[in-house]
Amino acid sequence: MQYRELGRTGWKVSAVSFGAWAIGGTWGSVQDSESLAALNRALDLGVNFFDTADVYGDGHSEKLMAQLRRQRREPFYVATKAGRRLDPHTADGYNRKNLTAFVERSLKNLETEAIDLLQLHCPPTDVYYRPEVFGVLDGLVQAGKLRYYGVSVEKVEEALKAIEFPGVQSVQIIYNIFRQRPADLFFEQAQRRKVGILARVPLASGMLTGKFTASSTFESDDHRAFNRHGEAFDRGETFAGLDYNLGLQAVGNLKPIVPAGMTMAQMALLWILMSPAVTCAIPGAKRPAQVEENAAAADFPPLTASAMDRIGAIYNSQVKPLVHPYW
């Protein structure tokens with residue numbers, strides 16, 4: 001496993017970390033025993049950074065992280081998120097009263113006195129133009145409730161605005177073979193300000209594993225079944241915003257590029273790690289075998305220049321016109 005510095009925290013976090021959305025909900029059926037086995041296997045393999053949120057299973061994912069801490073002695077970092085509990089989800093809801101209540105609830109779920117990293121959870125764009133919101137987070141750091149804070153964003157423009165606030169240590173943004181825009185400008189600016197980058201949805205909701213077909217089906221509580229057009233939340237969260245069938249076509253063209261001895265998922269993760277601006281990729285996993293496949297991606301040699309060029313050509317011709325302007 002490789003380790004990279006996260007912002008200005010002084011932390012060294014695993015280049016392939018663990019996204020805990022899937023073990024909380026909206027990814028089909030999941031069993032706690034299997035989720036905990038996956039979490040433990042991640043620690044065995046050197047993963048030391050876990051990303052969750054207060055709305056993943058209404059706090060259930062956070063509680064699983066607390067259970068993991070009780071089971072294991074080795075230190076690891078847990079990042080969680082706040083804001084999506086708001087109903088309606090408006091910029092005005094990101095106030096001192098609500099954020100403090102969300103933090104207190106997460107502290108209880110995580111069974112800790114201070115949250116390692118709290119991230120605003122894809123708030124409305126207007127929040128990034130309200131310095132008082134980030135002042136609230138500064139106050140929670142000063143009060144010892146948070147060690148550090150960052151943001152999770154939908155759009156590059158939001159990421160660029162967020163890093164103007166000096167307390168922002170990290171930006172979590174969708175970055176994968178199908179969503180390459182963050183590398184155009186944002187990565188350079190984040191590196192200049194020493195802000196960590198967490199690449200979320202790195203496998204495009206599983207599309208970039210190469211395991212889906214036109215006849216694949218998803219359970220009714222899986223966002224890949226109910227959010228393909230943004231019915232529940234931003235459509236960019238599901239298959240990176242790419243139409244399912246068009247995504248399958250692009251994947252079909254990517255498969256011949258996969259190096260011998262590597263799975264397509266591993267190539268997709270390694271592609272992300274080829275950028276020195278990225279702190280870590282945070283693929284989800286519900287089973288130990290998925291964790292093992294993901295974690296191994298960090299141990300392969302870099303992709304060749306030829307492979308990177310071919311991947312870039314597929315993106316430019318088949319994907320870029322459909323997603324690049326939107327996020």
# chains A, B, ... in the order shown; residues from 1 in each chain; ligands from 1
>>> residues_around(residues="Ile282 (chain A)", least_positions_apart="5", cutoff="10 Å", atoms="only C-alpha atoms", output="ChimeraX atom specification")
/A:14-20,49-51,172,198-203,269,294
>>> closest_residue(among="A:Ser61, A:Pro75, A:Asp234, A:Leu254", to="Asp309 (chain A)", atoms="only C-alpha atoms")
A:Leu254
>>> select_by_dssp(residues="region 62-269 of chain A", states="helix (DSSP H, G or I)", output="number ranges by chain")
A: 62-71, 91-93, 96-110, 125-129, 131-142, 156-162, 181-183, 186-192, 207-209, 223-226, 235-237, 239-241, 244-257, 264-269
>>> closest_residue(among="A:Cys122, A:Ala91, A:Val151, A:Asp54", to="Gly196 (chain A)", atoms="only C-alpha atoms")
A:Val151
>>> closest_residue(among="A:Arg105, A:Tyr315, A:Asp126, A:Phe218", to="Gly93 (chain A)", atoms="only C-alpha atoms")
A:Asp126
>>> closest_residue(among="A:Glu154, A:Glu62, A:Asp92, A:Asp222", to="Lys108 (chain A)", atoms="only C-alpha atoms")
A:Glu62
>>> atom_distance(atom1="CA of Phe134 (chain A)", atom2="CA of Ile163 (chain A)")
11.0 Å
>>> residues_around(residues="Ala225 (chain A)", least_positions_apart="4", cutoff="12 Å", atoms="only C-alpha atoms", output="PyMOL selection string")
chain A and resi 26-28+205+216-221+229-232+235+238-239+244
>>> atom_distance(atom1="CA of Ala53 (chain A)", atom2="CA of Ala82 (chain A)")
6.7 Å
>>> select_by_dssp(residues="region 6-156 of chain A", states="strand (DSSP E)", output="PyMOL selection string")
chain A and resi 12-14+18-19+49-51+77-82+115-121+146-152
>>> write_last_selection(atoms="N, CA and C atoms", output="compact mmCIF listing (two decimals), in the first residue's frame")
# COMPACT_ATOMS: atom_id res chain seq x y z
N LYS A 12 -0.66 10.65 6.94
CA LYS A 12 -0.31 9.85 5.77
C LYS A 12 -1.43 8.82 5.62
N VAL A 13 -2.19 8.95 4.55
CA VAL A 13 -3.34 8.06 4.38
C VAL A 13 -3.13 7.14 3.19
N SER A 14 -3.76 6.00 3.25
CA SER A 14 -3.62 4.98 2.21
C SER A 14 -4.15 5.49 0.88
N PHE A 18 -11.24 3.54 1.88
CA PHE A 18 -12.49 2.78 1.93
C PHE A 18 -13.67 3.73 1.98
N GLY A 19 -14.53 3.66 0.98
CA GLY A 19 -15.77 4.42 0.97
C GLY A 19 -16.89 3.60 1.59
N PHE A 49 -7.79 4.87 6.11
CA PHE A 49 -8.68 6.02 5.98
C PHE A 49 -10.04 5.52 5.50
N PHE A 50 -11.08 5.86 6.24
CA PHE A 50 -12.44 5.40 5.95
C PHE A 50 -13.36 6.61 5.85
N ASP A 51 -14.15 6.64 4.80
CA ASP A 51 -15.03 7.78 4.53
C ASP A 51 -16.49 7.35 4.67
N TYR A 77 -8.06 6.62 10.48
CA TYR A 77 -8.81 7.87 10.40
C TYR A 77 -10.21 7.62 9.85
N VAL A 78 -11.18 8.34 10.41
CA VAL A 78 -12.56 8.26 9.93
C VAL A 78 -13.03 9.66 9.55
N ALA A 79 -13.41 9.81 8.32
CA ALA A 79 -14.02 11.06 7.84
C ALA A 79 -15.51 10.84 7.71
N THR A 80 -16.29 11.80 8.18
CA THR A 80 -17.73 11.71 7.99
C THR A 80 -18.22 13.02 7.38
N LYS A 81 -19.52 13.10 7.13
CA LYS A 81 -20.07 14.26 6.44
C LYS A 81 -21.34 14.72 7.15
N ALA A 82 -21.68 15.98 6.91
CA ALA A 82 -22.88 16.56 7.52
C ALA A 82 -23.56 17.51 6.55
N ILE A 115 -14.23 14.34 15.86
CA ILE A 115 -14.29 13.77 14.52
C ILE A 115 -12.98 14.07 13.81
N ASP A 116 -12.37 13.06 13.21
CA ASP A 116 -11.09 13.26 12.54
C ASP A 116 -11.22 14.30 11.42
N LEU A 117 -12.19 14.10 10.54
CA LEU A 117 -12.39 15.01 9.41
C LEU A 117 -13.88 15.09 9.12
N LEU A 118 -14.45 16.27 9.27
CA LEU A 118 -15.85 16.49 8.92
C LEU A 118 -15.91 17.20 7.58
N GLN A 119 -16.79 16.71 6.71
CA GLN A 119 -16.94 17.31 5.39
C GLN A 119 -18.37 17.79 5.20
N LEU A 120 -18.54 19.01 4.72
CA LEU A 120 -19.86 19.43 4.29
C LEU A 120 -20.28 18.52 3.14
N HIS A 121 -21.53 18.04 3.19
CA HIS A 121 -21.94 16.96 2.30
C HIS A 121 -22.68 17.50 1.08
N LEU A 146 -14.02 18.82 16.27
CA LEU A 146 -13.45 18.38 14.99
C LEU A 146 -11.94 18.55 15.04
N ARG A 147 -11.23 17.61 14.43
CA ARG A 147 -9.79 17.82 14.26
C ARG A 147 -9.54 18.68 13.02
N TYR A 148 -10.23 18.33 11.94
CA TYR A 148 -10.10 19.09 10.70
C TYR A 148 -11.43 19.03 9.97
N TYR A 149 -11.55 19.89 8.95
CA TYR A 149 -12.75 19.84 8.13
C TYR A 149 -12.41 20.06 6.66
N GLY A 150 -13.34 19.60 5.81
CA GLY A 150 -13.22 19.75 4.37
C GLY A 150 -14.60 19.80 3.76
N VAL A 151 -14.68 19.55 2.48
CA VAL A 151 -15.96 19.59 1.77
C VAL A 151 -16.05 18.42 0.80
N SER A 152 -17.27 18.02 0.52
CA SER A 152 -17.56 17.09 -0.57
C SER A 152 -18.41 17.87 -1.56
